[in-house]
file run.cif (mmCIF, C-alpha atoms)
data_target
#
loop_
_atom_site.label_atom_id
_atom_site.label_comp_id
_atom_site.auth_asym_id
_atom_site.auth_seq_id
_atom_site.Cartn_x
_atom_site.Cartn_y
_atom_site.Cartn_z
CA MET A 248 5.08 -9.31 30.67
CA ALA A 249 1.76 -11.13 31.10
CA LEU A 250 3.62 -14.31 32.11
CA ARG A 251 5.64 -12.36 34.65
CA ILE A 252 2.49 -10.80 36.17
CA MET A 253 0.87 -14.23 36.29
CA THR A 254 3.94 -15.71 38.00
CA ILE A 255 4.01 -12.90 40.55
CA SER A 256 0.26 -13.27 41.15
CA LEU A 257 0.61 -17.01 41.71
CA ALA A 258 3.51 -16.42 44.08
CA LEU A 259 1.47 -13.89 46.06
CA VAL A 260 -1.47 -16.30 46.28
CA GLY A 261 0.90 -19.01 47.49
CA LEU A 262 2.34 -16.70 50.14
CA ALA A 263 -1.14 -15.70 51.28
CA VAL A 264 -2.19 -19.34 51.62
CA ALA A 265 1.00 -20.23 53.48
CA GLY A 266 0.60 -17.21 55.76
CA ALA A 267 -2.99 -18.12 56.54
CA ALA A 268 -1.95 -21.65 57.41
CA LEU A 269 0.80 -20.39 59.72
CA ALA A 270 -1.58 -17.89 61.34
CA GLN A 271 -3.97 -20.63 62.40
CA ASP A 272 -3.33 -22.16 65.79
CA ALA A 273 -1.88 -25.61 65.54
CA ALA A 274 -3.97 -28.28 67.19
CA PRO A 275 -3.00 -28.34 70.85
CA THR A 276 -1.12 -31.37 72.06
CA THR A 277 -1.31 -30.74 75.80
CA PRO A 278 -4.19 -32.09 77.90
CA GLY A 279 -5.03 -28.52 78.94
CA GLY A 280 -5.11 -27.29 75.36
CA LYS A 281 -7.27 -30.19 74.26
CA ALA A 282 -9.62 -29.50 77.18
CA VAL A 283 -10.01 -25.88 76.04
CA LEU A 284 -11.08 -26.98 72.57
CA THR A 285 -13.44 -29.59 73.97
CA ARG A 286 -14.95 -27.02 76.33
CA GLN A 287 -15.45 -24.56 73.49
CA ALA A 288 -17.25 -27.23 71.47
CA HIS A 289 -19.52 -28.01 74.43
CA TYR A 290 -20.33 -24.34 74.89
CA LYS A 291 -21.28 -24.10 71.21
CA ASP A 292 -23.63 -27.03 71.75
CA LEU A 293 -25.09 -25.37 74.84
CA ALA A 294 -25.57 -22.08 72.98
CA LYS A 295 -27.24 -23.92 70.12
CA ALA A 296 -29.60 -25.77 72.47
CA PHE A 297 -30.56 -22.74 74.55
CA GLY A 298 -30.61 -20.45 71.51
CA GLY A 299 -33.00 -22.86 69.80
CA VAL A 300 -35.34 -22.66 72.77
CA GLY A 301 -35.22 -18.88 72.66
CA ALA A 302 -35.81 -18.75 68.91
CA GLU A 303 -38.79 -21.08 69.26
CA LEU A 304 -40.25 -18.98 72.08
CA ARG A 305 -40.16 -15.89 69.86
CA LYS A 306 -42.46 -17.56 67.32
CA ASP A 307 -46.20 -16.95 67.27
CA ALA A 308 -46.81 -20.69 67.60
CA PRO A 309 -43.80 -22.24 69.36
CA ASP A 310 -43.20 -25.94 68.76
CA LYS A 311 -43.26 -27.52 72.20
CA ALA A 312 -41.32 -30.58 71.00
CA VAL A 313 -38.45 -28.40 69.77
CA ILE A 314 -38.45 -26.49 73.06
CA SER A 315 -38.48 -29.71 75.05
CA ALA A 316 -35.57 -31.18 73.07
CA GLY A 317 -33.50 -28.01 73.42
CA ALA A 318 -34.24 -27.73 77.14
CA ALA A 319 -33.25 -31.38 77.68
CA MET A 320 -30.00 -30.88 75.81
CA ALA A 321 -29.22 -27.69 77.76
CA ALA A 322 -29.93 -29.43 81.07
CA GLY A 323 -27.69 -32.36 80.17
CA LEU A 324 -24.85 -30.10 79.11
CA ALA A 325 -25.20 -27.97 82.25
CA THR A 326 -24.88 -31.12 84.33
CA ASP A 327 -21.54 -31.86 82.69
CA LEU A 328 -20.26 -28.27 82.70
CA PRO A 329 -18.00 -28.45 85.79
CA SER A 330 -16.01 -31.28 84.18
CA TRP A 331 -15.16 -28.99 81.25
CA PHE A 332 -12.66 -27.07 83.40
CA PRO A 333 -9.87 -29.42 84.46
CA LYS A 334 -6.87 -27.84 86.12
CA GLY A 335 -4.42 -26.63 83.47
CA SER A 336 -7.10 -25.65 80.93
CA GLY A 337 -7.09 -21.95 81.69
CA PRO A 338 -5.07 -19.21 80.03
CA GLU A 339 -1.88 -21.18 80.79
CA ALA A 340 -2.97 -23.89 78.31
CA GLY A 341 -1.59 -21.85 75.41
CA VAL A 342 -4.92 -21.85 73.57
CA LYS A 343 -7.18 -18.81 73.34
CA THR A 344 -9.81 -19.13 76.04
CA ALA A 345 -12.35 -16.85 77.69
CA ALA A 346 -12.03 -18.79 80.94
CA LYS A 347 -10.72 -16.52 83.69
CA ALA A 348 -8.28 -17.78 86.31
CA GLU A 349 -11.00 -17.18 88.92
CA ILE A 350 -12.62 -20.46 87.84
CA TRP A 351 -9.79 -22.24 89.60
CA THR A 352 -8.87 -19.67 92.27
CA ASP A 353 -12.52 -19.31 93.37
CA ALA A 354 -13.54 -22.93 92.88
CA ALA A 355 -16.36 -22.71 95.44
CA GLY A 356 -17.88 -19.66 93.72
CA PHE A 357 -17.60 -21.29 90.32
CA ALA A 358 -19.17 -24.49 91.64
CA ALA A 359 -22.07 -22.46 93.06
CA ALA A 360 -22.56 -20.66 89.73
CA ALA A 361 -22.50 -23.97 87.86
CA ALA A 362 -25.00 -25.46 90.33
CA LYS A 363 -27.29 -22.46 89.77
CA LEU A 364 -27.21 -23.06 86.02
CA GLN A 365 -27.86 -26.76 86.55
CA GLY A 366 -30.89 -26.02 88.72
CA GLU A 367 -32.31 -23.45 86.32
CA THR A 368 -31.89 -25.67 83.25
CA ALA A 369 -33.45 -28.61 85.12
CA LYS A 370 -36.49 -26.41 85.89
CA LEU A 371 -36.60 -25.33 82.24
CA GLN A 372 -36.60 -28.97 81.17
CA GLN A 373 -39.46 -29.80 83.56
CA LEU A 374 -41.53 -26.84 82.39
CA ALA A 375 -40.83 -27.68 78.75
CA MET A 376 -42.18 -31.18 79.30
CA ALA A 377 -45.31 -29.67 80.87
CA GLY A 378 -45.71 -27.34 77.88
CA ASP A 379 -46.75 -24.07 79.62
CA ILE A 380 -45.25 -21.52 77.21
CA ASP A 381 -45.59 -18.55 79.58
CA ALA A 382 -43.84 -20.45 82.38
CA ILE A 383 -41.16 -21.62 79.94
CA LYS A 384 -40.53 -18.02 78.85
CA ALA A 385 -40.10 -16.91 82.47
CA GLN A 386 -37.77 -19.82 83.19
CA ALA A 387 -35.75 -19.15 80.04
CA ARG A 388 -35.07 -15.68 81.45
CA ALA A 389 -33.92 -17.30 84.71
CA VAL A 390 -31.55 -19.57 82.76
CA GLY A 391 -30.20 -16.54 80.90
CA GLY A 392 -29.65 -14.83 84.25
CA ALA A 393 -27.68 -17.83 85.52
CA CYS A 394 -25.53 -17.71 82.38
CA LYS A 395 -24.91 -13.98 82.84
CA THR A 396 -23.99 -14.35 86.51
CA CYS A 397 -21.33 -16.91 85.66
CA HIS A 398 -20.07 -15.02 82.61
CA ASP A 399 -19.74 -11.80 84.58
CA ALA A 400 -17.48 -13.43 87.16
CA TYR A 401 -15.69 -16.21 85.27
CA ARG A 402 -15.53 -15.26 81.59
CA ALA A 403 -13.24 -12.65 80.09
CA PRO A 404 -14.96 -9.92 78.04
CA ALA A 405 -14.98 -10.61 74.30
CA GLU A 406 -12.25 -8.07 73.57
CA GLN A 407 -9.86 -9.95 75.87
CA HIS A 408 -10.12 -13.40 74.22
#
call {"tool": "encode", "arguments": {"input": "run.cif", "output": "structure tokens"}}
result
Amino acid sequence: MALRIMTISLALVGLAVAGAALAQDAAPTTPGGKAVLTRQAHYKDLAKAFGGVGAELRKDAPDKAVISAGAAMAAGLATDLPSWFPKGSGPEAGVKTAAKAEIWTDAAGFAAAAAKLQGETAKLQQLAMAGDIDAIKAQARAVGGACKTCHDAYRAPAEQH
């Protein structure tokens, strides 16, 4: 009986592992699918850079070098952001994405939103190099506002992706 229970248990574990492997999305092979994954990785980097700035600013004694490095990384990533959205890398790519079709159907609006983020992160980088913590805090809010403006128009709500 114990051997039978053990055999059944091992079979159930094997089925669970196989099911988990099947449930995971296979690596995309299309250019659009690959672009989605690349874009998602870039956004994680951007969130890490900007989040690091924010975390540092919440400290009693923020490290200006950490802020400067994070602001520089965020500004560099923002510069590249428009290239993260090649045609064919939207919902039609077959990979889960928060990118709304409006990115491509309202290209001028998306370009303006991206340019706003680029300008705000460039200002953040300049202020970070100058080291004025109060000015950096105000500019970090402006960068967050630029992120929100774009997300509101061009990113699907979390429950939809």
call {"tool": "closest_residue", "arguments": {"input": "run.cif", "among": "A:Val300, A:Ala348, A:Ala389, A:Cys397", "to": "Gly335 of chain A", "atoms": "only C-alpha atoms"}}
result
A:Ala348
call {"tool": "resolve_selection", "arguments": {"input": "run.cif", "expression": "the PyMOL selection byres ((chain A and resi 293) around 9)", "output": "JSON, numbers by chain"}}
result
{"A": [288, 289, 290, 291, 292, 294, 295, 296, 297, 298, 317, 320, 321, 322, 324, 325]}
call {"tool": "closest_atom_pairs", "arguments": {"input": "run.cif", "of": "segment 304-345 of chain A", "to": "segment 352-355 of chain A", "cutoff": "12 Å", "atoms": "all atoms listed in the file", "output": "tab-separated table"}}
result
residue	atom	partner	partner_atom	distance
A:Pro329	CA	A:Ala354	CA	10.0
A:Phe332	CA	A:Ala354	CA	10.4
A:Pro333	CA	A:Ala354	CA	11.2
A:Lys334	CA	A:Thr352	CA	10.4
A:Gly337	CA	A:Thr352	CA	11.0
call {"tool": "resolve_selection", "arguments": {"input": "run.cif", "expression": "the PyMOL selection byres ((chain A and resi 357) around 12)", "output": "mmCIF file with C-alpha atoms, in the frame of the given file"}}
result
data_model
loop_
_atom_site.group_PDB
_atom_site.id
_atom_site.type_symbol
_atom_site.label_atom_id
_atom_site.label_comp_id
_atom_site.auth_asym_id
_atom_site.auth_seq_id
_atom_site.Cartn_x
_atom_site.Cartn_y
_atom_site.Cartn_z
ATOM 1 C CA LEU A 328 -20.260 -28.270 82.700
ATOM 2 C CA PRO A 329 -18.000 -28.450 85.790
ATOM 3 C CA SER A 330 -16.010 -31.280 84.180
ATOM 4 C CA PHE A 332 -12.660 -27.070 83.400
ATOM 5 C CA ALA A 346 -12.030 -18.790 80.940
ATOM 6 C CA LYS A 347 -10.720 -16.520 83.690
ATOM 7 C CA ALA A 348 -8.280 -17.780 86.310
ATOM 8 C CA GLU A 349 -11.000 -17.180 88.920
ATOM 9 C CA ILE A 350 -12.620 -20.460 87.840
ATOM 10 C CA TRP A 351 -9.790 -22.240 89.600
ATOM 11 C CA THR A 352 -8.870 -19.670 92.270
ATOM 12 C CA ASP A 353 -12.520 -19.310 93.370
ATOM 13 C CA ALA A 354 -13.540 -22.930 92.880
ATOM 14 C CA ALA A 355 -16.360 -22.710 95.440
ATOM 15 C CA GLY A 356 -17.880 -19.660 93.720
ATOM 16 C CA ALA A 358 -19.170 -24.490 91.640
ATOM 17 C CA ALA A 359 -22.070 -22.460 93.060
ATOM 18 C CA ALA A 360 -22.560 -20.660 89.730
ATOM 19 C CA ALA A 361 -22.500 -23.970 87.860
ATOM 20 C CA ALA A 362 -25.000 -25.460 90.330
ATOM 21 C CA LYS A 363 -27.290 -22.460 89.770
ATOM 22 C CA LEU A 364 -27.210 -23.060 86.020
ATOM 23 C CA ALA A 393 -27.680 -17.830 85.520
ATOM 24 C CA CYS A 394 -25.530 -17.710 82.380
ATOM 25 C CA THR A 396 -23.990 -14.350 86.510
ATOM 26 C CA CYS A 397 -21.330 -16.910 85.660
ATOM 27 C CA HIS A 398 -20.070 -15.020 82.610
ATOM 28 C CA ASP A 399 -19.740 -11.800 84.580
ATOM 29 C CA ALA A 400 -17.480 -13.430 87.160
ATOM 30 C CA TYR A 401 -15.690 -16.210 85.270
ATOM 31 C CA ARG A 402 -15.530 -15.260 81.590
#
call {"tool": "residues_around", "arguments": {"input": "run.cif", "residues": "Gly378 of chain A", "least_positions_apart": "4", "cutoff": "10 Å", "atoms": "all atoms listed in the file", "output": "NGL selection string"}}
result
:A and (310-312 or 314-315 or 372-374 or 382-383)
call {"tool": "residues_around", "arguments": {"input": "run.cif", "residues": "Gly279 of chain A", "least_positions_apart": "2", "cutoff": "9 Å", "atoms": "only C-alpha atoms", "output": "ChimeraX atom specification"}}
result
/A:275-277,281-284,332-337,339-342
call {"tool": "closest_residue", "arguments": {"input": "run.cif", "among": "A:Pro278, A:Glu303, A:Thr344, A:Asp327", "to": "Pro404 of chain A", "atoms": "all atoms listed in the file"}}
result
A:Thr344
call {"tool": "closest_residue", "arguments": {"input": "run.cif", "among": "A:Ala274, A:Thr326, A:Ala403, A:Ile380", "to": "Thr368 of chain A", "atoms": "all atoms listed in the file"}}
result
A:Thr326
call {"tool": "closest_residue", "arguments": {"input": "run.cif", "among": "A:Pro309, A:Gly323, A:Gly280, A:Gly366", "to": "Asp381 of chain A", "atoms": "all atoms listed in the file"}}
result
A:Pro309
call {"tool": "atom_distance", "arguments": {"input": "run.cif", "atom1": "atom CA of Leu304 of chain A", "atom2": "atom CA of Lys395 of chain A"}}
result
19.4 Å
call {"tool": "atom_distance", "arguments": {"input": "run.cif", "atom1": "atom CA of Arg305 of chain A", "atom2": "atom CA of Ala377 of chain A"}}
result
18.4 Å
call {"tool": "atom_distance", "arguments": {"input": "run.cif", "atom1": "atom CA of Ala318 of chain A", "atom2": "atom CA of Lys306 of chain A"}}
result
16.4 Å
call {"tool": "decode", "arguments": {"input": "run.cif", "residues": "segment 382-394 of chain A", "atoms": "N, CA and C atoms", "output": "PDB file, in the first residue's frame"}}
result
ATOM      1  N   ALA A 382      15.249  70.033  -5.354  1.00  0.00           N
ATOM      2  CA  ALA A 382      14.948  70.156  -6.783  1.00  0.00           C
ATOM      3  C   ALA A 382      14.813  68.775  -7.428  1.00  0.00           C
ATOM      4  N   ILE A 383      15.638  67.839  -7.005  1.00  0.00           N
ATOM      5  CA  ILE A 383      15.568  66.469  -7.526  1.00  0.00           C
ATOM      6  C   ILE A 383      14.225  65.844  -7.163  1.00  0.00           C
ATOM      7  N   LYS A 384      13.786  66.054  -5.921  1.00  0.00           N
ATOM      8  CA  LYS A 384      12.494  65.510  -5.485  1.00  0.00           C
ATOM      9  C   LYS A 384      11.358  66.061  -6.347  1.00  0.00           C
ATOM     10  N   ALA A 385      11.374  67.358  -6.600  1.00  0.00           N
ATOM     11  CA  ALA A 385      10.333  67.971  -7.426  1.00  0.00           C
ATOM     12  C   ALA A 385      10.381  67.412  -8.844  1.00  0.00           C
ATOM     13  N   GLN A 386      11.574  67.245  -9.377  1.00  0.00           N
ATOM     14  CA  GLN A 386      11.709  66.732 -10.735  1.00  0.00           C
ATOM     15  C   GLN A 386      11.327  65.255 -10.812  1.00  0.00           C
ATOM     16  N   ALA A 387      11.594  64.506  -9.755  1.00  0.00           N
ATOM     17  CA  ALA A 387      11.193  63.094  -9.732  1.00  0.00           C
ATOM     18  C   ALA A 387       9.673  62.987  -9.835  1.00  0.00           C
ATOM     19  N   ARG A 388       8.967  63.924  -9.194  1.00  0.00           N
ATOM     20  CA  ARG A 388       7.505  63.939  -9.322  1.00  0.00           C
ATOM     21  C   ARG A 388       7.092  64.244 -10.765  1.00  0.00           C
ATOM     22  N   ALA A 389       7.825  65.137 -11.423  1.00  0.00           N
ATOM     23  CA  ALA A 389       7.529  65.455 -12.826  1.00  0.00           C
ATOM     24  C   ALA A 389       7.763  64.236 -13.720  1.00  0.00           C
ATOM     25  N   VAL A 390       8.830  63.479 -13.442  1.00  0.00           N
ATOM     26  CA  VAL A 390       9.087  62.255 -14.214  1.00  0.00           C
ATOM     27  C   VAL A 390       7.951  61.263 -13.979  1.00  0.00           C
ATOM     28  N   GLY A 391       7.547  61.102 -12.736  1.00  0.00           N
ATOM     29  CA  GLY A 391       6.435  60.204 -12.427  1.00  0.00           C
ATOM     30  C   GLY A 391       5.161  60.620 -13.144  1.00  0.00           C
ATOM     31  N   GLY A 392       4.934  61.924 -13.254  1.00  0.00           N
ATOM     32  CA  GLY A 392       3.774  62.428 -13.982  1.00  0.00           C
ATOM     33  C   GLY A 392       3.845  62.091 -15.463  1.00  0.00           C
ATOM     34  N   ALA A 393       5.049  62.188 -16.034  1.00  0.00           N
ATOM     35  CA  ALA A 393       5.224  61.831 -17.452  1.00  0.00           C
ATOM     36  C   ALA A 393       4.964  60.341 -17.657  1.00  0.00           C
ATOM     37  N   CYS A 394       5.404  59.520 -16.726  1.00  0.00           N
ATOM     38  CA  CYS A 394       5.134  58.079 -16.800  1.00  0.00           C
ATOM     39  C   CYS A 394       3.622  57.828 -16.760  1.00  0.00           C
TER      40      CYS A 394
END
